[in-house]
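The next block is structure.txt, given as compact mmCIF, C-alpha atoms.
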# COMPACT_ATOMS: atom_id res chain seq x y z
CA MET A 26 -30.83 25.04 -20.64
CA GLY A 27 -27.52 25.00 -18.84
CA LYS A 28 -24.15 24.05 -20.27
CA GLY A 29 -24.39 20.41 -19.29
CA ARG A 30 -25.48 17.79 -16.83
CA ARG A 31 -23.80 17.50 -13.47
CA ALA A 32 -21.25 14.69 -13.58
CA PRO A 33 -22.67 11.66 -11.73
CA SER A 34 -20.80 10.18 -8.78
CA MET A 35 -19.11 6.77 -9.11
CA ALA A 36 -21.96 5.07 -7.24
CA LEU A 37 -24.51 6.80 -9.43
CA ALA A 38 -22.67 5.84 -12.60
CA MET A 39 -22.56 2.19 -11.51
CA GLY A 40 -26.27 2.30 -10.76
CA VAL A 41 -27.05 3.75 -14.17
CA SER A 42 -25.03 1.03 -15.85
CA MET A 43 -26.96 -1.67 -13.97
CA PHE A 44 -30.29 -0.20 -15.05
CA LEU A 45 -29.32 0.62 -18.65
CA LEU A 46 -30.66 -2.58 -20.20
CA SER A 47 -34.02 -2.32 -18.50
CA VAL A 48 -34.28 1.37 -19.41
CA VAL A 49 -33.65 0.74 -23.09
CA ALA A 50 -36.03 -2.22 -23.09
CA SER A 51 -38.84 -0.09 -21.73
CA ALA A 52 -38.24 2.81 -24.11
CA ALA A 53 -40.58 1.51 -26.76
CA GLN A 54 -43.46 1.59 -24.32
CA SER A 55 -42.86 5.14 -23.12
CA GLN A 56 -44.00 8.47 -24.46
CA GLY A 57 -40.43 9.77 -24.84
CA ASP A 58 -37.24 8.72 -26.58
CA PRO A 59 -34.54 6.54 -24.94
CA ALA A 60 -32.24 9.51 -24.32
CA GLN A 61 -34.93 11.23 -22.28
CA ILE A 62 -35.62 8.07 -20.31
CA LEU A 63 -31.94 7.59 -19.51
CA ALA A 64 -31.71 11.25 -18.46
CA ALA A 65 -34.67 10.72 -16.15
CA THR A 66 -32.98 7.69 -14.62
CA VAL A 67 -29.79 9.65 -13.95
CA ALA A 68 -31.80 12.49 -12.44
CA THR A 69 -33.77 10.36 -10.04
CA THR A 70 -31.38 7.69 -8.79
CA PRO A 71 -30.09 8.57 -5.30
CA ARG A 72 -26.40 8.27 -4.55
CA ASP A 73 -27.08 5.40 -2.18
CA GLU A 74 -30.16 3.46 -3.17
CA PRO A 75 -31.77 2.24 0.06
CA GLY A 76 -32.71 -1.39 0.26
CA GLY A 77 -35.54 -3.41 1.76
CA ASN A 78 -38.47 -1.37 3.00
CA ALA A 79 -36.60 1.92 3.39
CA PHE A 80 -39.25 3.81 1.40
CA VAL A 81 -42.25 2.39 3.23
CA ASP A 82 -43.34 4.77 5.98
CA ARG A 83 -46.67 3.70 7.42
CA VAL A 84 -49.14 6.48 8.23
CA SER A 85 -50.84 5.70 11.52
CA SER A 86 -54.60 5.29 11.72
CA LYS A 87 -54.83 8.72 13.35
CA GLY A 88 -52.66 10.20 10.59
CA GLN A 89 -54.77 8.67 7.85
CA GLY A 90 -57.91 10.33 9.20
CA ALA A 91 -56.28 13.47 10.63
CA ARG A 92 -58.37 16.64 10.98
CA GLY A 93 -56.15 19.55 11.84
CA LEU A 94 -55.27 23.21 12.06
CA TYR A 95 -52.18 25.14 11.03
CA PHE A 96 -50.31 27.09 13.73
CA THR A 97 -47.73 29.82 13.24
CA TYR A 98 -44.59 30.30 15.29
CA PRO A 99 -46.02 33.41 17.05
CA HIS A 100 -49.15 31.46 18.04
CA LEU A 101 -47.15 28.58 19.49
CA ARG A 102 -44.81 30.99 21.25
CA ARG A 103 -47.70 32.92 22.83
CA PHE A 104 -50.20 30.19 23.66
CA LYS A 105 -47.83 27.25 24.22
CA PRO A 106 -48.72 23.64 23.38
CA SER A 107 -51.48 23.74 26.01
CA GLY A 108 -53.23 26.52 24.08
CA ILE A 109 -53.02 24.53 20.85
CA ILE A 110 -54.41 21.45 22.58
CA GLY A 111 -57.34 23.44 23.93
CA LEU A 112 -58.11 25.04 20.56
CA LEU A 113 -58.00 21.67 18.81
CA LYS A 114 -60.42 20.17 21.34
CA ARG A 115 -62.84 23.09 20.96
CA SER A 116 -62.64 22.64 17.20
CA ARG A 117 -63.11 18.83 17.28
CA MET A 118 -59.71 18.42 15.61
CA ASP A 119 -56.87 16.05 16.40
CA ALA A 120 -53.86 17.27 14.39
CA ALA A 121 -51.55 20.29 14.45
CA VAL A 122 -49.34 21.61 11.64
CA ILE A 123 -46.36 23.39 13.24
CA ASP A 124 -43.89 25.58 11.34
CA LEU A 125 -40.24 24.58 11.55
CA LYS A 126 -39.46 27.05 8.75
CA ASP A 127 -42.13 29.36 7.39
CA ASP A 128 -42.59 31.43 4.23
CA GLN A 129 -41.04 34.44 5.94
CA GLY A 130 -37.86 32.43 6.30
CA ARG A 131 -38.19 32.17 10.09
CA VAL A 132 -36.79 29.03 11.69
CA SER A 133 -38.73 28.43 14.88
CA TYR A 134 -36.23 26.25 16.76
CA GLN A 135 -32.50 25.93 17.37
CA THR A 136 -31.58 24.20 14.12
CA ALA A 137 -28.16 22.68 13.46
CA VAL A 138 -28.51 23.45 9.72
CA GLU A 139 -25.71 26.00 9.54
CA PRO A 140 -26.82 28.09 6.51
CA LEU A 141 -30.17 28.72 8.21
CA ALA A 142 -28.76 29.69 11.61
CA PRO A 143 -29.16 33.46 10.99
CA GLN A 144 -32.88 32.87 10.44
CA ILE A 145 -33.56 31.36 13.86
CA VAL A 146 -36.13 33.45 15.72
CA ASN A 147 -35.08 35.43 18.79
CA SER A 148 -37.00 33.13 21.14
CA PRO A 149 -36.76 29.65 19.62
CA ILE A 150 -39.17 26.93 20.67
CA ASP A 151 -38.00 23.87 22.57
CA MET A 152 -39.50 21.79 19.81
CA ARG A 153 -38.79 18.41 21.36
CA ALA A 154 -40.67 19.35 24.52
CA ALA A 155 -43.52 20.97 22.58
CA VAL A 156 -44.03 17.89 20.41
CA ARG A 157 -43.93 15.62 23.46
CA GLU A 158 -46.68 17.64 25.17
CA LEU A 159 -48.84 17.64 22.04
CA ARG A 160 -48.44 13.92 21.47
CA ASP A 161 -49.11 13.11 25.11
CA ALA A 162 -52.45 14.87 24.63
CA GLY A 163 -53.25 12.68 21.61
CA VAL A 164 -52.42 15.26 18.94
CA TYR A 165 -51.07 14.08 15.58
CA THR A 166 -48.08 16.36 14.93
CA ILE A 167 -47.00 17.58 11.48
CA ALA A 168 -43.76 19.52 10.90
CA ARG A 169 -44.17 22.07 8.10
CA ILE A 170 -41.00 23.05 6.25
CA VAL A 171 -41.09 25.77 3.58
CA CYS A 172 -38.53 24.93 0.91
CA PHE A 173 -37.53 27.10 -2.04
CA ASN A 174 -39.43 30.31 -1.30
CA ASP A 175 -37.11 32.08 1.13
CA PRO A 176 -36.88 35.87 1.69
CA SER A 177 -33.58 35.63 3.59
CA LEU A 178 -31.03 33.00 2.57
CA PRO A 179 -30.85 33.98 -1.14
CA LYS A 180 -29.88 37.51 -0.13
CA ARG A 181 -27.08 36.29 2.17
CA GLU A 182 -25.84 33.65 -0.25
CA PRO A 183 -26.87 34.68 -3.78
CA ASP A 184 -24.92 31.77 -5.25
CA ARG A 185 -27.77 29.59 -3.90
CA ALA A 186 -30.49 31.79 -5.39
CA ILE A 187 -32.51 32.04 -8.53
CA LEU A 188 -30.89 35.13 -10.05
CA ASP A 189 -32.33 38.08 -11.93
CA GLY A 190 -31.42 37.52 -15.58
CA ARG A 191 -32.20 40.98 -16.89
CA PRO A 192 -29.25 42.58 -18.73
CA ARG A 193 -28.80 45.36 -16.18
CA TYR A 194 -28.01 42.73 -13.51
CA ALA A 195 -25.54 40.75 -15.63
CA GLY A 196 -22.68 39.52 -13.45
CA LYS A 197 -24.09 41.15 -10.30
CA GLN A 198 -25.52 38.04 -8.60
CA GLN A 199 -28.80 39.86 -8.00
CA PRO A 200 -31.42 37.46 -6.56
CA TRP A 201 -34.59 37.22 -8.61
CA VAL A 202 -37.70 38.50 -6.84
CA SER A 203 -41.17 37.06 -7.31
CA TRP A 204 -43.53 39.59 -8.88
CA GLY A 205 -46.36 38.02 -6.93
CA THR A 206 -44.95 37.98 -3.38
CA GLY A 207 -41.80 40.08 -3.48
CA ASP A 208 -39.83 37.14 -2.08
CA THR A 209 -36.55 35.69 -3.26
CA TRP A 210 -36.17 32.00 -4.09
CA LEU A 211 -33.55 29.31 -3.69
CA ASN A 212 -32.52 27.55 -6.87
CA PRO A 213 -34.09 24.06 -6.98
CA TYR A 214 -31.35 22.83 -9.34
CA ASP A 215 -28.71 23.45 -6.66
CA ARG A 216 -28.40 20.23 -4.64
CA ARG A 217 -26.98 22.20 -1.70
CA ASN A 218 -30.47 23.61 -1.26
CA HIS A 219 -31.87 20.08 -1.16
CA ASP A 220 -29.38 19.31 1.61
CA LEU A 221 -31.00 21.93 3.85
CA TYR A 222 -34.32 20.14 3.87
CA VAL A 223 -32.92 16.64 4.11
CA GLN A 224 -31.32 17.82 7.36
CA MET A 225 -34.41 19.65 8.60
CA ALA A 226 -36.57 16.59 7.97
CA LYS A 227 -34.16 14.50 10.04
CA GLU A 228 -34.37 17.07 12.82
CA ALA A 229 -38.17 16.96 12.69
CA GLU A 230 -38.07 13.19 13.11
CA SER A 231 -35.63 13.49 16.01
CA PHE A 232 -38.07 15.84 17.80
CA GLY A 233 -40.78 13.18 17.65
CA PHE A 234 -43.05 14.60 14.93
CA ASP A 235 -45.44 12.11 13.37
CA GLU A 236 -45.03 13.49 9.86
CA VAL A 237 -42.96 15.90 7.77
CA GLN A 238 -44.84 18.26 5.44
CA LEU A 239 -42.98 20.13 2.68
CA ASP A 240 -44.40 23.37 1.32
CA TYR A 241 -43.16 25.43 -1.66
CA ILE A 242 -41.55 22.32 -3.11
CA ARG A 243 -41.85 23.70 -6.60
CA PHE A 244 -40.41 26.13 -9.10
CA PRO A 245 -41.82 29.69 -9.15
CA VAL A 246 -44.42 30.35 -11.83
CA ASP A 247 -45.49 34.01 -11.68
CA LYS A 248 -45.06 36.38 -14.63
CA GLY A 249 -41.62 37.51 -13.52
CA THR A 250 -40.11 34.08 -14.13
CA GLU A 251 -39.24 35.09 -17.69
CA PHE A 252 -36.30 36.88 -16.05
CA ALA A 253 -35.39 34.02 -13.70
CA LEU A 254 -31.85 32.75 -14.16
CA TYR A 255 -30.84 29.34 -12.77
CA GLN A 256 -27.14 28.86 -12.12
CA PRO A 257 -26.50 26.00 -12.05
CA GLN A 258 -29.17 24.66 -14.39
CA THR A 259 -28.82 21.15 -15.72
CA GLU A 260 -30.72 19.37 -18.47
CA GLU A 261 -32.80 17.53 -15.89
CA LEU A 262 -36.54 17.78 -16.20
CA ARG A 263 -38.01 19.90 -13.45
CA ARG A 264 -40.20 17.10 -12.16
CA PHE A 265 -37.15 14.88 -11.72
CA VAL A 266 -35.18 17.59 -9.92
CA LEU A 267 -37.88 17.67 -7.24
CA LEU A 268 -38.38 13.91 -7.29
CA ASP A 269 -34.69 13.46 -6.50
CA MET A 270 -35.07 15.67 -3.43
CA LEU A 271 -38.11 13.70 -2.28
CA ARG A 272 -36.26 10.42 -2.71
CA ARG A 273 -33.34 11.69 -0.65
CA ILE A 274 -35.56 12.87 2.19
CA ASP A 275 -37.60 9.68 2.10
CA ALA A 276 -34.43 7.61 2.33
CA GLU A 277 -33.31 9.50 5.45
CA ILE A 278 -36.46 9.48 7.57
CA ALA A 279 -38.73 6.71 8.82
CA ILE A 280 -41.83 8.86 9.33
CA PRO A 281 -44.37 9.70 6.62
CA LEU A 282 -43.62 12.44 4.12
CA GLY A 283 -46.33 14.87 3.04
CA VAL A 284 -46.40 17.69 0.49
CA ASP A 285 -48.49 20.82 0.03
CA VAL A 286 -49.31 21.31 -3.65
CA PHE A 287 -51.18 23.86 -5.72
CA GLY A 288 -54.89 23.16 -5.98
CA LEU A 289 -54.63 23.21 -9.76
CA ALA A 290 -51.89 20.57 -9.59
CA ALA A 291 -54.53 18.22 -8.20
CA ILE A 292 -56.67 18.46 -11.31
CA ARG A 293 -53.89 18.56 -13.90
CA ASN A 294 -52.22 15.45 -15.20
CA GLY A 295 -48.48 15.89 -15.35
CA ASP A 296 -46.82 19.30 -15.01
CA PRO A 297 -48.11 21.55 -17.80
CA THR A 298 -47.05 24.84 -16.18
CA GLY A 299 -43.53 23.89 -15.10
CA LEU A 300 -44.08 23.80 -11.34
CA GLY A 301 -42.20 20.52 -11.14
CA GLN A 302 -45.18 19.10 -9.25
CA SER A 303 -45.97 15.98 -11.26
CA LEU A 304 -47.88 14.24 -8.50
CA GLY A 305 -48.20 10.83 -10.08
CA ASP A 306 -44.41 10.54 -10.03
CA TRP A 307 -44.26 11.29 -6.31
CA THR A 308 -46.33 8.42 -4.95
CA SER A 309 -43.33 6.17 -4.34
CA HIS A 310 -41.97 8.65 -1.79
CA VAL A 311 -44.85 10.81 -0.62
CA GLU A 312 -47.46 9.30 1.67
CA VAL A 313 -49.68 12.37 2.12
CA PHE A 314 -50.85 14.91 -0.47
CA SER A 315 -52.42 18.19 0.67
CA PRO A 316 -53.80 20.20 -2.26
CA MET A 317 -54.33 23.82 -1.21
CA LEU A 318 -57.95 24.45 -2.13
CA TYR A 319 -58.49 28.15 -1.51
CA VAL A 320 -61.00 30.40 -3.25
CA ASN A 321 -58.52 33.30 -3.21
CA ALA A 322 -56.05 31.19 -5.23
CA MET A 323 -58.70 30.19 -7.80
CA PRO A 324 -60.99 33.27 -7.86
CA GLY A 325 -62.67 32.46 -11.15
CA TRP A 326 -63.32 28.78 -10.53
CA ARG A 327 -66.95 27.63 -10.17
CA THR A 328 -68.47 30.99 -9.31
CA ASP A 329 -71.72 29.64 -10.74
CA VAL A 330 -72.58 27.34 -7.82
CA ALA A 331 -74.24 28.22 -4.52
CA ASP A 332 -72.25 25.68 -2.45
CA ARG A 333 -68.91 26.84 -3.78
CA GLY A 334 -66.90 25.63 -0.79
CA HIS A 335 -68.26 22.10 -1.26
CA VAL A 336 -67.52 21.95 -4.98
CA LEU A 337 -64.15 23.65 -4.68
CA VAL A 338 -62.91 20.93 -2.32
CA LYS A 339 -64.84 17.94 -3.61
CA ALA A 340 -63.88 18.08 -7.28
CA PRO A 341 -60.07 18.38 -6.95
CA SER A 342 -59.99 15.83 -4.10
CA TYR A 343 -62.01 13.35 -6.16
CA ILE A 344 -59.91 13.91 -9.29
CA LEU A 345 -56.70 13.48 -7.34
CA ARG A 346 -58.02 10.30 -5.71
CA LYS A 347 -58.82 8.81 -9.11
CA ARG A 348 -55.41 9.78 -10.45
CA LEU A 349 -53.32 8.57 -7.52
CA GLY A 350 -55.38 5.58 -6.42
CA LYS A 351 -56.03 4.29 -2.92
CA GLY A 352 -52.43 4.29 -1.72
CA PRO A 353 -51.67 7.93 -0.87
CA VAL A 354 -53.44 9.80 1.90
CA ILE A 355 -55.29 12.81 0.49
CA ARG A 356 -55.75 15.49 3.11
CA PRO A 357 -56.67 18.86 1.55
CA PHE A 358 -55.70 22.19 3.04
CA MET A 359 -58.92 24.23 3.16
CA GLN A 360 -59.59 27.94 3.51
CA ALA A 361 -60.20 29.39 6.97
CA PHE A 362 -59.75 33.08 6.07
CA ASP A 363 -61.89 35.62 4.23
CA ASN A 364 -59.69 36.57 1.23
CA GLY A 365 -61.74 36.18 -1.93
CA LEU A 366 -64.91 35.47 0.04
CA GLY A 367 -65.81 38.65 1.91
CA SER A 368 -69.12 38.15 3.68
CA GLY A 369 -69.23 34.64 2.24
CA PHE A 370 -66.70 33.52 4.80
CA ALA A 371 -69.10 32.12 7.37
CA PRO A 372 -69.74 28.88 9.28
CA LYS A 373 -71.79 27.63 6.31
CA PHE A 374 -68.68 27.81 4.11
CA ILE A 375 -66.73 25.71 6.62
CA VAL A 376 -69.47 23.07 6.57
CA GLU A 377 -69.41 23.05 2.77
CA GLU A 378 -65.64 22.50 2.72
CA ILE A 379 -65.76 19.61 5.17
CA THR A 380 -68.61 17.85 3.36
CA GLY A 381 -66.77 18.49 0.09
CA ALA A 382 -63.67 16.76 1.41
CA ARG A 383 -65.75 13.81 2.56
CA SER A 384 -67.64 13.53 -0.74
CA GLY A 385 -64.39 13.86 -2.68
CA GLU A 386 -62.95 10.75 -1.00
CA ALA A 387 -60.34 12.64 1.01
CA ASP A 388 -59.08 10.92 4.15
CA GLY A 389 -59.20 13.98 6.37
CA PHE A 390 -58.50 17.69 6.09
CA LEU A 391 -56.51 20.65 7.38
CA PHE A 392 -57.60 24.26 7.82
CA TRP A 393 -55.32 27.18 7.02
CA ASN A 394 -55.52 30.59 8.65
CA PRO A 395 -52.35 32.74 8.46
CA GLY A 396 -52.99 34.12 11.95
CA ALA A 397 -54.23 30.84 13.47
CA ASN A 398 -57.65 32.46 14.11
CA TYR A 399 -60.20 29.65 13.95
CA GLY A 400 -63.37 31.12 15.45
CA VAL A 401 -65.36 30.68 12.22
CA VAL A 402 -64.09 27.11 11.90
CA GLN A 403 -65.30 26.32 15.41
CA ARG A 404 -68.75 27.74 14.68
CA GLY A 405 -68.95 25.79 11.44
CA VAL A 406 -67.92 22.53 13.07
CA ALA A 407 -70.53 23.11 15.78
CA GLU A 408 -73.21 23.12 13.07
CA LEU A 409 -71.91 19.91 11.52
CA ALA A 410 -73.50 16.58 12.34
CA PHE A 411 -71.08 14.68 14.56
CA GLY A 412 -71.29 11.59 12.37
CA LEU A 413 -69.65 13.45 9.47
CA MET A 414 -66.32 13.41 11.29
CA PRO A 415 -64.15 11.44 11.10
CA PHE A 416 -64.47 10.25 7.51
CA PRO A 417 -65.02 6.57 6.73
CA PRO A 418 -61.82 5.00 5.33
CA ALA A 419 -63.86 3.11 2.70
CA GLY A 420 -61.35 0.28 2.55
CA ARG A 421 -58.37 2.49 1.80
CA ASP A 422 -56.80 1.73 5.17
CA THR A 423 -56.99 -2.02 4.51
CA PHE A 424 -55.56 -1.58 1.04
CA ARG A 425 -52.69 0.54 2.33
CA GLU A 426 -51.78 -1.95 5.01
CA GLN A 427 -51.57 -4.67 2.37
CA VAL A 428 -49.35 -2.49 0.18
CA TRP A 429 -47.10 -1.51 3.09
CA ALA A 430 -46.83 -5.11 4.25
CA SER A 431 -45.53 -6.04 0.81
CA GLY A 432 -42.71 -3.52 1.19
CA SER A 433 -43.82 -1.25 -1.62
CA HIS A 434 -46.02 1.69 -2.50
CA GLU A 435 -48.85 1.81 -4.96
CA LEU A 436 -47.52 3.39 -8.12
CA SER A 437 -49.70 5.76 -10.10
CA PRO A 438 -50.15 5.84 -13.90
CA GLU A 439 -47.40 7.47 -15.91
CA SER A 440 -47.69 11.24 -15.99
CA ALA A 441 -48.65 13.17 -19.08
CA ARG A 442 -45.84 14.96 -20.86
CA ASP A 443 -45.51 18.50 -22.15
CA PRO A 444 -42.87 19.39 -24.78
CA LYS A 445 -42.56 22.90 -23.34
CA TYR A 446 -40.75 21.48 -20.32
CA GLY A 447 -38.70 18.84 -22.08
CA TRP A 448 -41.18 16.01 -21.79

Take the structure in the file and give it back as structure tokens.
Amino acid sequence: MGKGRRAPSMALAMGVSMFLLSVVASAAQSQGDPAQILAATVATTPRDEPGGNAFVDRVSSKGQGARGLYFTYPHLRRFKPSGIIGLLKRSRMDAAVIDLKDDQGRVSYQTAVEPLAPQIVNSPIDMRAAVRELRDAGVYTIARIVCFNDPSLPKREPDRAILDGRPRYAGKQQPWVSWGTGDTWLNPYDRRNHDLYVQMAKEAESFGFDEVQLDYIRFPVDKGTEFALYQPQTEELRRFVLLDMLRRIDAEIAIPLGVDVFGLAAIRNGDPTGLGQSLGDWTSHVEVFSPMLYVNAMPGWRTDVADRGHVLVKAPSYILRKRLGKGPVIRPFMQAFDNGLGSGFAPKFIVEEITGARSGEADGFLFWNPGANYGVVQRGVAELAFGLMPFPPAGRDTFREQVWASGSHELSPESARDPKYGW
């Protein structure tokens, strides 16, 4: 742990005082001691608590049932919005995920977020015009923003980075590098790094996007993290560090907020591995959850079944639905590339994934291909009975409208705790 908690602002201190009695009163019913509960309250109360319905961001009917594809900056640059519209129509899809900032650190438009200016691509997209053209064609638009994984900014400003804590780098401000990807990471404890994505989310809304989608909103977890050094590092629980960022973004935008999460996070209660992705805690601020259900990320999972694509998507979607309830939109990201599948990546696999999402009570789905190559997806969809898309809302849309009309979100059950991460 670090040397101490960040001193709260005057407004935050006043807010904590107002909530102190209710916090202590509820301590007996919790799974932790009062000190932990008070710490959680400090860690998750925004500086300016919004009032009224500030946290209620309705997902449109199209958004609730969205079926979409992910598109890279190079694809959008080359084929323009018209090319995306045509590909979506040929694929019987109605939503596009567009990178504002990707996992290579590229920023695809002329951002006003100063620390990220050096990462703007050479030929930035006129994002406002692109979104307008997509929406005019009936496309549901999703702005993807990669958060803490960043191969560029930590090298320019190592004081923002997770540092390498090995003795030979002591005092050298050497950014830590993921053993899995070779990328550097921004420090999630540093609130300046949260500021970047609060601002980017506001820009996404100003361009007319229907939804903001955050990716890599987590702590790194590969084997090299034993050498990861967080400066600053407070005593805040990891799940509350990320929850605070979500609350801040949610308070600043009036469009739905979505998150990409590990597939395993969908089937785990709480945060047993220290990702910071305790999904039950996020339902007050996140409208859309997209578990990434890829065979290559879970190579040993359910190799015993013939319809592996179906089971791989159905089971986590169903488990997440039961954990989070009817309120959140569950829209899994599904595999549209051959890693981990080889010859098994075929139209039949695409059909299995789609029927798995439907059987697992998802609301829609997204397909991921890192090169935006969706030929196999199109062939799979062509084999699928037309009646299987879109999915029936099964009353979830009615329930959500009632919840939104009341000015609140459905809250999920309290998350499980793990002593390893201070729970």

May I have the residues within 6 Å of range 359-376 of chain A as a ChimeraX atom specification, using all atoms listed in the file and disregarding those fewer than 4 positions away in the same chain? /A:318-321,334,392-394,401,404-405

Of the candidates A:Gly233, A:Pro183, A:Pro213, A:Gly288, which one gets nearest to Leu159 in chain A if we count all atoms listed in the file?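 The answer is A:Gly233, which sits nearest to Leu159 in chain A.
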
At what distance in Å, to one decimal, does CA of Leu101 in chain A lie from CA of Leu113 in chain A?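 Taking CA of Leu113 in chain A and CA of Leu101 in chain A, their separation equals 12.9 Å.
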
For Leu413 in chain A: contacts at 9 Å, all atoms listed in the file, fewer than 6 positions along chain excluded, given as a PyMOL selection string: chain A and resi 379-380+383

Scan for residues within 10 Å of the point (-29.3, 33.5, -3.3) in the coordinates of the file, using only C-alpha atoms, and reply as JSON, numbers by chain. {"A": [175, 176, 177, 178, 179, 180, 181, 182, 183, 184, 185, 186, 187, 188, 198, 199, 200, 201, 209, 210, 211, 212]}

Taking only C-alpha atoms into account, name the residue in A:Glu236, A:Asp388, A:Asp128, A:Glu408 that is nearest to Thr206 in chain A.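 Closest candidate: A:Asp128.
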
State, in Å with one decimal place, the distance from CA of Pro106 in chain A to CA of Cys172 in chain A.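 Atom-to-atom, CA of Pro106 in chain A to CA of Cys172 in chain A, that is 24.7 Å.
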
Just want the 9 Å neighbourhood of Phe416 in chain A, counted on all atoms listed in the file, with same-chain residues fewer than 3 positions away dropped. Output as a list in words.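 The filter keeps Gly90, Ala382, Arg383, Glu386, Ala387, Asp388, Gly389, Gly412, Leu413 and Ala419 of chain A.
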
With a distance cut-off of 9 Å and all atoms listed in the file, select the neighbouring residues of Ile145 in chain A, excluding the residue or stretch itself and same-chain residues fewer than 6 positions from it, and output the selection as a CSV table (one decimal) with C-alpha atoms, in the frame of the given file.
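Once everything was written out, this is around-v1.csv:
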chain,number,residue,atom,x,y,z
A,126,LYS,CA,-39.5,27.0,8.8
A,130,GLY,CA,-37.9,32.4,6.3
A,131,ARG,CA,-38.2,32.2,10.1
A,132,VAL,CA,-36.8,29.0,11.7
A,133,SER,CA,-38.7,28.4,14.9
A,134,TYR,CA,-36.2,26.2,16.8
A,135,GLN,CA,-32.5,25.9,17.4
A,136,THR,CA,-31.6,24.2,14.1

Counting only C-alpha atoms, figure out which residue out of A:Val202, A:Leu125, A:Val164, A:Leu239 gets nearest to Asp151 in chain A.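 Looking at the shortest contact to Asp151 in chain A, the residue is A:Leu125.
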
Taking all listed atoms of range 201-213 of chain A, build the axis-aligned box, pad each of the six sides by 3 Å, then write its centre and edge lengths in Å to one decimal as AutoDock Vina command-line options.
--center_x -39.4 --center_y 32.1 --center_z -5.5 --size_x 19.8 --size_y 22.0 --size_z 12.8

Computed gap from CA of Gly249 in chain A to CA of Trp204 in chain A is 5.4 Å

Please list, as a ChimeraX atom specification, the residues that have an atom at most 9 Å away from (-60.1, 21.4, -2.3) in the coordinates of this file, counting all atoms listed in the file. /A:288,291,315-319,334-342,357-360,378,381-382,385

For Val286 in chain A, which residue among A:Ser303, A:Gln256, A:Gln427, A:Thr298 is the nearest when counting all atoms listed in the file?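 Of the candidates, the smallest distance to Val286 in chain A is held by A:Ser303.
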
Looking at only C-alpha atoms, which of A:Ile355, A:Ile278, A:Leu262, A:Ile167 is the one that sits closest to Asp240 in chain A?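 Closest residue, counting only C-alpha atoms: A:Ile167.
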
Taking into account all atoms listed in the file, which residue in the set A:Pro99, A:Pro192, A:Gly301, A:Pro418 is nearest to Ser148 in chain A?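 Answer, going by the shortest atom-to-atom distance: A:Pro99.
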